[in-house]
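Trainee: What follows is the file target-v9.cif, containing mmCIF, C-alpha atoms:
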data_work
#
loop_
_atom_site.label_atom_id
_atom_site.label_comp_id
_atom_site.auth_asym_id
_atom_site.auth_seq_id
_atom_site.Cartn_x
_atom_site.Cartn_y
_atom_site.Cartn_z
CA MET F 1 91.14 84.53 137.84
CA GLU F 2 88.03 86.41 136.76
CA ASN F 3 86.91 86.62 133.16
CA LEU F 4 86.95 90.08 131.63
CA THR F 5 83.96 91.32 129.65
CA ILE F 6 83.67 94.84 128.30
CA ALA F 7 80.53 95.77 126.36
CA SER F 8 81.03 97.65 123.12
CA THR F 9 80.27 101.35 122.89
CA GLU F 10 80.01 103.60 119.85
CA ARG F 11 83.75 104.19 120.07
CA SER F 12 85.20 101.12 121.72
CA PRO F 13 85.08 97.42 120.87
CA ALA F 14 83.41 94.58 122.75
CA VAL F 15 86.12 92.66 124.61
CA GLU F 16 85.64 89.14 125.88
CA PHE F 17 88.38 87.42 127.77
CA ASP F 18 87.42 83.90 128.83
CA PHE F 19 90.21 82.62 131.05
CA ASP F 20 88.98 79.01 131.31
CA LYS F 21 88.53 78.56 127.59
CA GLY F 22 91.67 80.57 126.81
CA ARG F 23 89.90 82.94 124.45
CA LEU F 24 90.19 86.65 123.92
CA SER F 25 88.27 88.66 121.33
CA PHE F 26 87.90 92.26 120.16
CA ARG F 27 84.88 93.23 118.05
CA GLY F 28 83.76 96.58 116.69
CA GLU F 29 85.40 99.96 116.29
CA SER F 30 88.14 101.40 118.43
CA TYR F 31 88.81 105.11 118.87
CA PRO F 32 88.23 105.62 122.59
CA GLU F 33 88.62 109.08 124.15
CA ASP F 34 91.38 107.78 126.35
CA ALA F 35 93.14 104.75 124.89
CA SER F 36 95.31 104.07 127.93
CA ALA F 37 92.27 104.07 130.25
CA PHE F 38 90.44 101.67 127.93
CA PHE F 39 93.31 99.25 127.27
CA GLY F 40 94.89 99.37 130.75
CA PRO F 41 92.63 96.70 132.33
CA ILE F 42 93.03 94.51 129.22
CA PHE F 43 96.83 94.64 129.47
CA SER F 44 96.65 93.71 133.17
CA ALA F 45 94.32 90.77 132.53
CA LEU F 46 96.50 89.59 129.66
CA ASP F 47 99.69 89.78 131.73
CA GLY F 48 97.99 87.71 134.44
CA PHE F 49 96.81 85.13 131.95
CA LEU F 50 100.08 84.81 130.04
CA SER F 51 102.07 84.12 133.19
CA SER F 52 99.91 81.16 134.20
CA ARG F 53 98.20 79.42 131.24
CA PRO F 54 99.35 77.17 128.40
CA ALA F 55 97.36 78.39 125.39
CA LEU F 56 95.40 81.35 124.06
CA ALA F 57 93.26 81.93 120.96
CA VAL F 58 92.72 85.59 120.05
CA GLN F 59 90.21 87.00 117.59
CA PHE F 60 90.27 90.50 116.18
CA GLU F 61 87.22 91.59 114.22
CA LEU F 62 87.51 95.33 113.81
CA ALA F 63 85.98 97.70 111.30
CA TYR F 64 88.05 100.73 112.22
CA PHE F 65 90.63 101.78 114.80
CA ASN F 66 92.65 104.95 115.32
CA SER F 67 96.41 105.26 115.71
CA SER F 68 96.35 105.14 119.53
CA SER F 69 94.42 101.86 119.36
CA ALA F 70 96.85 100.52 116.72
CA LYS F 71 99.63 101.13 119.20
CA ALA F 72 97.72 99.20 121.88
CA PHE F 73 97.02 96.26 119.52
CA MET F 74 100.69 96.14 118.58
CA ASN F 75 101.53 96.08 122.28
CA ILE F 76 99.14 93.14 122.80
CA LEU F 77 100.66 91.24 119.86
CA GLN F 78 104.17 91.86 121.21
CA LYS F 79 103.12 90.35 124.55
CA LEU F 80 101.62 87.36 122.70
CA GLU F 81 104.78 86.82 120.64
CA GLN F 82 106.88 86.92 123.79
CA ALA F 83 104.62 84.33 125.45
CA ALA F 84 104.73 82.14 122.33
CA GLN F 85 108.51 82.29 122.30
CA SER F 86 108.49 81.03 125.87
CA GLY F 87 106.51 77.99 124.78
CA MET F 88 102.86 79.04 124.96
CA THR F 89 100.54 78.07 122.10
CA VAL F 90 99.08 81.29 120.73
CA CYS F 91 96.95 81.71 117.65
CA VAL F 92 95.48 84.94 116.33
CA ASP F 93 92.64 85.23 113.82
CA TRP F 94 92.52 88.62 112.13
CA ARG F 95 88.98 88.79 110.76
CA PHE F 96 88.08 91.57 108.33
CA ALA F 97 85.25 92.32 105.91
CA GLU F 98 86.02 91.12 102.40
CA GLY F 99 87.10 94.16 100.37
CA ASP F 100 88.24 96.19 103.40
CA ASP F 101 91.76 96.99 102.19
CA THR F 102 92.76 99.02 105.24
CA MET F 103 91.94 96.29 107.78
CA LYS F 104 93.56 93.65 105.58
CA GLU F 105 96.74 95.70 105.31
CA PHE F 106 96.83 96.27 109.07
CA GLY F 107 96.59 92.51 109.55
CA GLU F 108 99.47 91.94 107.14
CA ASP F 109 101.53 94.64 108.89
CA PHE F 110 100.95 93.15 112.33
CA ALA F 111 101.69 89.62 111.09
CA GLU F 112 105.18 90.62 109.92
CA ASP F 113 106.44 90.88 113.48
CA LEU F 114 105.15 87.51 114.60
CA GLU F 115 107.26 84.37 114.40
CA GLN F 116 105.95 81.98 117.03
CA VAL F 117 102.33 83.16 117.06
CA THR F 118 100.13 81.44 114.49
CA PHE F 119 98.49 84.33 112.63
CA ARG F 120 95.62 83.87 110.18
CA LEU F 121 94.03 86.51 107.97
CA VAL F 122 90.35 85.63 107.71
CA PRO F 123 88.23 87.51 105.14
CA LEU F 124 84.53 87.44 106.10
CA MET X 1 73.16 143.02 105.87
CA LEU X 2 72.99 140.09 108.21
CA ALA X 3 71.84 137.62 105.58
CA GLU X 4 74.25 139.06 103.00
CA ALA X 5 77.22 138.75 105.31
CA TYR X 6 76.51 135.16 106.23
CA ARG X 7 75.53 134.22 102.70
CA SER X 8 78.88 135.44 101.43
CA PHE X 9 80.58 133.51 104.24
CA LYS X 10 78.68 130.39 103.12
CA GLN X 11 79.56 131.13 99.47
CA ILE X 12 83.26 131.23 100.27
CA LEU X 13 82.94 127.75 101.80
CA ASP X 14 80.88 126.51 98.83
CA GLU X 15 83.42 127.84 96.34
CA LYS X 16 86.16 125.91 98.10
CA GLY X 17 84.05 122.77 97.75
CA ILE X 18 83.56 122.49 101.51
CA VAL X 19 80.67 120.25 102.54
CA PHE X 20 81.27 120.27 106.30
CA SER X 21 82.97 122.89 108.38
CA PHE X 22 83.44 123.34 112.07
CA SER X 23 85.16 126.18 113.83
CA GLY X 24 85.29 126.65 117.55
CA TYR X 25 85.89 124.63 120.68
CA LEU X 26 86.17 120.96 119.89
CA SER X 27 85.65 118.10 122.33
CA GLU X 28 85.67 114.31 121.98
CA GLY X 29 81.84 114.43 122.00
CA ILE X 30 81.77 116.84 119.06
CA LEU X 31 84.36 114.71 117.26
CA TYR X 32 82.06 111.71 117.60
CA SER X 33 78.95 113.54 116.36
CA LEU X 34 80.70 115.22 113.43
CA GLY X 35 82.34 111.93 112.47
CA GLU X 36 78.98 110.13 112.43
CA ALA X 37 77.39 112.87 110.30
CA LEU X 38 80.35 112.72 107.93
CA ARG X 39 80.11 108.95 107.51
CA GLN X 40 76.33 109.05 107.06
CA LYS X 41 76.62 111.73 104.39
CA MET X 42 79.29 109.78 102.49
CA VAL X 43 77.24 106.58 102.69
CA LEU X 44 74.15 108.40 101.38
CA GLU X 45 76.21 109.67 98.48
CA GLU X 46 77.35 106.11 97.85
CA ALA X 47 81.03 106.92 98.23
CA ASP X 48 83.37 103.94 97.91
CA VAL X 49 83.67 102.07 101.25
CA ASN X 50 87.47 102.34 101.31
CA THR X 51 87.28 106.09 100.61
CA VAL X 52 84.80 106.56 103.48
CA LYS X 53 87.24 104.77 105.79
CA LYS X 54 90.20 106.88 104.69
CA VAL X 55 88.33 110.17 105.07
CA PHE X 56 87.00 109.11 108.47
CA SER X 57 90.43 108.00 109.67
CA VAL X 58 92.10 111.28 108.66
CA PHE X 59 89.20 113.19 110.23
CA VAL X 60 89.64 111.36 113.57
CA GLU X 61 93.43 111.81 113.68
CA GLN X 62 93.21 115.50 112.77
CA SER X 63 90.45 116.13 115.33
CA GLN X 64 92.39 114.36 118.05
CA ASN X 65 95.49 116.40 117.17
CA ILE X 66 93.47 119.60 117.67
CA ILE X 67 92.03 118.29 120.95
CA ARG X 68 95.47 117.35 122.24
CA TYR X 69 97.74 120.04 120.81
CA SER X 70 95.73 123.21 120.21
CA ALA X 71 97.48 126.07 122.01
CA ASP X 72 94.08 127.73 122.48
CA LYS X 73 92.32 125.83 125.25
CA LEU X 74 89.67 126.44 127.85
CA ARG X 75 89.99 124.50 131.08
CA GLY X 76 87.68 124.42 134.02
CA GLU X 77 84.81 122.67 135.68
CA ALA X 78 81.34 122.26 134.21
CA SER X 79 78.46 120.21 135.67
CA GLY X 80 80.77 118.99 138.39
CA HIS X 81 83.54 117.50 136.29
CA ALA X 82 86.77 118.70 134.70
CA VAL X 83 86.37 119.96 131.15
CA GLU X 84 88.99 120.85 128.59
CA LEU X 85 87.96 122.35 125.27
CA SER X 86 90.40 122.96 122.42
CA SER X 87 89.84 125.56 119.76
CA GLY X 88 90.40 124.83 116.10
CA MET X 89 88.75 124.35 112.75
CA LEU X 90 88.02 121.36 110.57
CA SER X 91 86.67 121.36 107.03
CA ILE X 92 85.87 118.51 104.70
CA GLY X 93 85.23 119.06 101.03
CA THR X 94 85.72 117.81 97.51
CA GLU X 95 88.07 119.10 94.85
CA GLY X 96 88.41 117.60 91.38
CA GLY X 97 86.41 114.54 92.45
CA ARG X 98 88.59 113.85 95.48
CA PHE X 99 87.83 114.42 99.16
CA PHE X 100 90.04 116.66 101.26
CA ILE X 101 90.21 117.38 104.97
CA VAL X 102 91.74 120.59 106.33
CA CYS X 103 92.42 121.30 109.95
CA GLY X 104 93.69 124.48 111.55
CA ASN X 105 94.62 125.37 115.09
CA GLU X 106 96.96 127.52 117.13
CA VAL X 107 100.24 125.94 118.16
CA ARG X 108 102.96 127.20 120.45
CA ALA X 109 105.70 128.99 118.47
CA ALA X 110 108.27 126.83 120.26
CA ASP X 111 106.65 123.68 118.80
CA VAL X 112 106.70 124.92 115.19
CA PRO X 113 110.21 123.75 114.17
CA LYS X 114 109.62 120.20 115.42
CA LEU X 115 106.18 119.89 113.80
CA LYS X 116 107.50 121.36 110.53
CA ALA X 117 110.43 118.91 110.49
CA ARG X 118 108.06 115.96 111.14
CA LEU X 119 105.74 116.95 108.31
CA GLU X 120 108.60 117.62 105.87
CA GLN X 121 110.00 114.20 106.68
CA LEU X 122 106.61 112.61 105.87
CA GLN X 123 106.28 114.62 102.64
CA GLY X 124 109.49 113.04 101.41
CA MET X 125 108.32 109.46 101.94
CA ASP X 126 106.69 107.20 99.35
CA PRO X 127 103.91 104.77 100.42
CA ALA X 128 106.33 101.88 101.02
CA ARG X 129 108.56 104.02 103.24
CA LEU X 130 105.52 105.43 105.11
CA LYS X 131 104.31 101.90 105.81
CA GLU X 132 107.73 100.89 107.10
CA PHE X 133 108.02 104.07 109.23
CA TYR X 134 104.54 103.43 110.69
CA ARG X 135 105.58 99.95 111.77
CA GLU X 136 108.81 101.27 113.31
CA LYS X 137 106.84 103.82 115.36
CA LEU X 138 104.21 101.24 116.38
CA ARG X 139 106.89 99.08 117.91
CA GLU X 140 108.49 101.96 119.81
CA ALA X 141 107.47 103.19 123.23
CA PRO X 142 105.59 106.51 122.80
CA ASP X 143 107.56 109.79 122.94
CA GLN X 144 107.28 111.30 126.39
CA GLU X 145 105.66 114.56 125.31
CA SER X 146 103.90 113.69 122.08
CA LYS X 147 101.06 111.38 123.25
CA GLY X 148 101.43 109.48 119.99
CA ALA X 149 101.44 112.48 117.62
CA THR X 150 103.98 110.97 115.26
CA ILE X 151 101.98 107.82 114.65
CA GLY X 152 98.84 109.92 114.07
CA LEU X 153 100.59 112.03 111.45
CA ILE X 154 101.96 108.93 109.70
CA GLU X 155 98.45 107.43 109.66
CA ILE X 156 97.24 110.69 108.02
CA ALA X 157 100.06 110.61 105.44
CA ARG X 158 99.33 106.95 104.61
CA ARG X 159 95.68 107.69 103.79
CA ALA X 160 96.58 110.68 101.58
CA SER X 161 96.73 110.29 97.82
CA SER X 162 99.20 113.14 97.39
CA PRO X 163 101.86 114.68 99.68
CA LEU X 164 100.57 116.57 102.73
CA GLU X 165 100.17 120.34 102.34
CA PHE X 166 100.74 122.48 105.41
CA GLY X 167 101.65 125.97 106.56
CA PHE X 168 102.19 128.20 109.57
CA ASP X 169 101.07 131.79 110.07
CA ALA X 170 102.72 133.57 113.01
CA ILE X 171 100.16 135.21 115.35
CA ASN X 172 102.65 136.71 117.81
CA ASP X 173 105.95 135.72 119.46
CA ASP X 174 104.31 132.86 121.32
CA LYS X 175 101.76 131.43 118.92
CA SER X 176 101.36 130.44 115.31
CA PHE X 177 98.35 129.26 113.29
CA PHE X 178 98.98 125.80 111.88
CA CYS X 179 97.07 124.40 108.91
CA LEU X 180 97.19 120.93 107.33
CA LYS X 181 95.40 119.85 104.15
CA VAL X 182 95.07 116.20 103.21
CA MET X 183 93.82 114.98 99.82
CA ILE X 184 92.27 111.51 99.83
#
Please render this file's structure as structure tokens.
Mentor:
Amino acid sequence: MENLTIASTERSPAVEFDFDKGRLSFRGESYPEDASAFFGPIFSALDGFLSSRPALAVQFELAYFNSSSAKAFMNILQKLEQAAQSGMTVCVDWRFAEGDDTMKEFGEDFAEDLEQVTFRLVPL
Amino acid sequence: MLAEAYRSFKQILDEKGIVFSFSGYLSEGILYSLGEALRQKMVLEEADVNTVKKVFSVFVEQSQNIIRYSADKLRGEASGHAVELSSGMLSIGTEGGRFFIVCGNEVRAADVPKLKARLEQLQGMDPARLKEFYREKLREAPDQESKGATIGLIEIARRASSPLEFGFDAINDDKSFFCLKVMI
């Protein structure tokens, strides 16, 4: 499978999906014009990866995202939890700027739904 | 006359504490530019970083609601690609030391009862209930026709420091002017 790399824009995060190393990261801000067009290829790559690999480490390092992106991130975390429940080793680092209450609270909210995924809140 | 008329128009905005105001056809490109100007201005005024984020977030959700749901739209082709512009207004100001964001746009009369019910439901929720409701909606598949409107409105309500204020003004049998004011 091919790695997936999406460069950041003013309104969408940098995405790096390294299949061989089992790493996926999101960095920047996320309020794309069309959230389904932006996240569609990421969902497809993730589905492909989760059906064939043993472990994944995911990093989120976001400064702002809108509600459509929140929905997409929740969707990604649900897929990860499902994979973890089927035996995959999944860890998520939720990195946020120290003092950013909104991003910290989002991390806490997302973490509540995860049982098998190892979720860490990482203040920077 | 010309200067007087526009000066009084500007004075009305100033008296309401409005620092930014846009009225007309809004696009995602305009949203981006206005949002950047808004953030830069708040940073220059040394507003608290969490306040800047809340104002920006409400601004984005309200703008995207206008872009998606305004009942006054222009559709067509420009420079060889499909263009859709949505009419509405957006104002950001300060009142009693707090920021507020107001948006206004036409909505279909048939959509008024549902939108009113949604907003009244949010008005009745405290922060803990809003947070819980947000998480419920995040987990759900999106409503067929609402392109995520509910989650956007909950995000707006969560960033507000007092209950949402809103109103409708009937234009004719088919359309109504909808207005939403959010205090940060």
Trainee: Just say which residues the PyMOL selection byres ((chain F) within 8 of (chain X)) picks in this file, as a PDB file with C-alpha atoms, in the coordinates of the input.
Mentor:
ATOM      1  CA  GLU F  33      88.620 109.080 124.150  1.00  0.00           C
ATOM      2  CA  TYR F  64      88.050 100.730 112.220  1.00  0.00           C
ATOM      3  CA  ASN F  66      92.650 104.950 115.320  1.00  0.00           C
ATOM      4  CA  SER F  67      96.410 105.260 115.710  1.00  0.00           C
ATOM      5  CA  SER F  68      96.350 105.140 119.530  1.00  0.00           C
ATOM      6  CA  ALA F  70      96.850 100.520 116.720  1.00  0.00           C
ATOM      7  CA  LYS F  71      99.630 101.130 119.200  1.00  0.00           C
ATOM      8  CA  MET F  74     100.690  96.140 118.580  1.00  0.00           C
ATOM      9  CA  ASN F  75     101.530  96.080 122.280  1.00  0.00           C
ATOM     10  CA  ASP F 100      88.240  96.190 103.400  1.00  0.00           C
ATOM     11  CA  ASP F 101      91.760  96.990 102.190  1.00  0.00           C
ATOM     12  CA  THR F 102      92.760  99.020 105.240  1.00  0.00           C
ATOM     13  CA  ASP F 109     101.530  94.640 108.890  1.00  0.00           C
TER      14      ASP F 109
END
Trainee: If we count all atoms listed in the file, what is near F:Pro41 at a cut-off of 12 Å, once residues fewer than 2 positions away on the same chain are taken out, given as a PyMOL selection string?
Mentor: chain F and resi 3-6+15+17+35-39+43-48+72
Trainee: Translate the PyMOL selection byres ((chain X and resi 100-108) around 6), as applied to the file shown, into an explicit residue set as a list in words.
Mentor: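 Applying the PyMOL selection byres ((chain X and resi 100-108) around 6) to the structure shown produces Ser70, Ala71, Gly88, Met89, Leu90, Ser91, Ile92, Gly93, Thr94, Phe99, Ala109, Ala110, Asp111, Asp174, Lys175, Ser176, Phe177, Phe178, Cys179, Leu180, Lys181, Val182, Met183 and Ile184 of chain X.
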Trainee: From the options X:Leu130, X:Leu34, X:Lys73, X:Gly124, which residue's atoms come nearest to X:Pro163, counting all atoms listed in the file?
Mentor: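 Going through X:Leu130, X:Leu34, X:Lys73, X:Gly124 one by one, the smallest distance to X:Pro163 is for X:Gly124.
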Trainee: Taking into account all atoms listed in the file, which residue in the set X:Val52, X:Leu122, X:Ala157, X:Ala5 is nearest to X:Leu38?
Mentor: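 Among X:Val52, X:Leu122, X:Ala157, X:Ala5, it is X:Val52 that comes nearest to X:Leu38.
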Trainee: Got a sec: who's within 12 Å of F:Val90, counting only C-alpha atoms, leaving out chain neighbours fewer than 5 positions off, as a PDB file with C-alpha atoms, in the coordinates of the input?
Mentor:
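Okay, this is what ended up in around-v9.pdb:
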ATOM      1  CA  GLY F  22      91.670  80.570 126.810  1.00  0.00           C
ATOM      2  CA  ARG F  23      89.900  82.940 124.450  1.00  0.00           C
ATOM      3  CA  LEU F  24      90.190  86.650 123.920  1.00  0.00           C
ATOM      4  CA  LEU F  50     100.080  84.810 130.040  1.00  0.00           C
ATOM      5  CA  ARG F  53      98.200  79.420 131.240  1.00  0.00           C
ATOM      6  CA  PRO F  54      99.350  77.170 128.400  1.00  0.00           C
ATOM      7  CA  ALA F  55      97.360  78.390 125.390  1.00  0.00           C
ATOM      8  CA  LEU F  56      95.400  81.350 124.060  1.00  0.00           C
ATOM      9  CA  ALA F  57      93.260  81.930 120.960  1.00  0.00           C
ATOM     10  CA  VAL F  58      92.720  85.590 120.050  1.00  0.00           C
ATOM     11  CA  GLN F  59      90.210  87.000 117.590  1.00  0.00           C
ATOM     12  CA  LEU F  77     100.660  91.240 119.860  1.00  0.00           C
ATOM     13  CA  GLN F  78     104.170  91.860 121.210  1.00  0.00           C
ATOM     14  CA  LYS F  79     103.120  90.350 124.550  1.00  0.00           C
ATOM     15  CA  LEU F  80     101.620  87.360 122.700  1.00  0.00           C
ATOM     16  CA  GLU F  81     104.780  86.820 120.640  1.00  0.00           C
ATOM     17  CA  GLN F  82     106.880  86.920 123.790  1.00  0.00           C
ATOM     18  CA  ALA F  83     104.620  84.330 125.450  1.00  0.00           C
ATOM     19  CA  ALA F  84     104.730  82.140 122.330  1.00  0.00           C
ATOM     20  CA  GLN F  85     108.510  82.290 122.300  1.00  0.00           C
ATOM     21  CA  LEU F 114     105.150  87.510 114.600  1.00  0.00           C
ATOM     22  CA  GLU F 115     107.260  84.370 114.400  1.00  0.00           C
ATOM     23  CA  GLN F 116     105.950  81.980 117.030  1.00  0.00           C
ATOM     24  CA  VAL F 117     102.330  83.160 117.060  1.00  0.00           C
ATOM     25  CA  THR F 118     100.130  81.440 114.490  1.00  0.00           C
ATOM     26  CA  PHE F 119      98.490  84.330 112.630  1.00  0.00           C
ATOM     27  CA  ARG F 120      95.620  83.870 110.180  1.00  0.00           C
TER      28      ARG F 120
END
Trainee: When you draw a straight line from atom CA of X:Asn65 to atom CA of F:Asp113, how long is it in Å?
Mentor: 28.0 Å
Trainee: What is the atom CA of F:Glu105-atom CA of X:Ala117 distance in Å, reported with one decimal?
Mentor: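 Computing it gives 27.4 Å between the two atoms.
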Trainee: So that I can see what lies close to X:Glu120, please list as number ranges by chain the residues with an atom at most 10 Å from it, counting all atoms listed in the file and leaving out residues fewer than 3 positions away in the same chain.
Mentor: X: 114-117, 123-125, 163-166
Trainee: Return the padded bounding box of stretch 86-90 of chain F as AutoDock Vina command-line options: axis-aligned, built from all atoms listed in the file, 3 Å added on each side, with centre and edge lengths in Å to one decimal.
Mentor:
--center_x 103.8 --center_y 79.6 --center_z 123.3 --size_x 15.4 --size_y 9.3 --size_z 11.1
Trainee: Rank nothing, just name the residue among X:Arg118, X:Ser161, X:Gly96, X:Asp169 nearest to X:Gly17, using only C-alpha atoms.
Mentor: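 The shortest atom-to-atom distance to X:Gly17 comes from X:Gly96.
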Trainee: Tell me which protein, DNA and RNA residues are within 8 Å of F:Ser69, counting all atoms listed in the file, leaving out same-chain ones fewer than 5 positions away, and put them as a list in words.
Mentor: Ser30, Tyr31, Pro32 and Ala35 of chain F
Trainee: For F:Ile76, which residue among F:Thr89, F:Trp94, F:Ile42, F:Ser51 is the nearest when counting all atoms listed in the file?
Mentor: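 Closest to F:Ile76 of all the choices is F:Ile42.
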Trainee: In Å, with one decimal, what is the gap from atom CA of X:Tyr6 to atom CA of X:Ser33?
Mentor: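 Value for the atom CA of X:Tyr6-atom CA of X:Ser33 distance: 24.0 Å.
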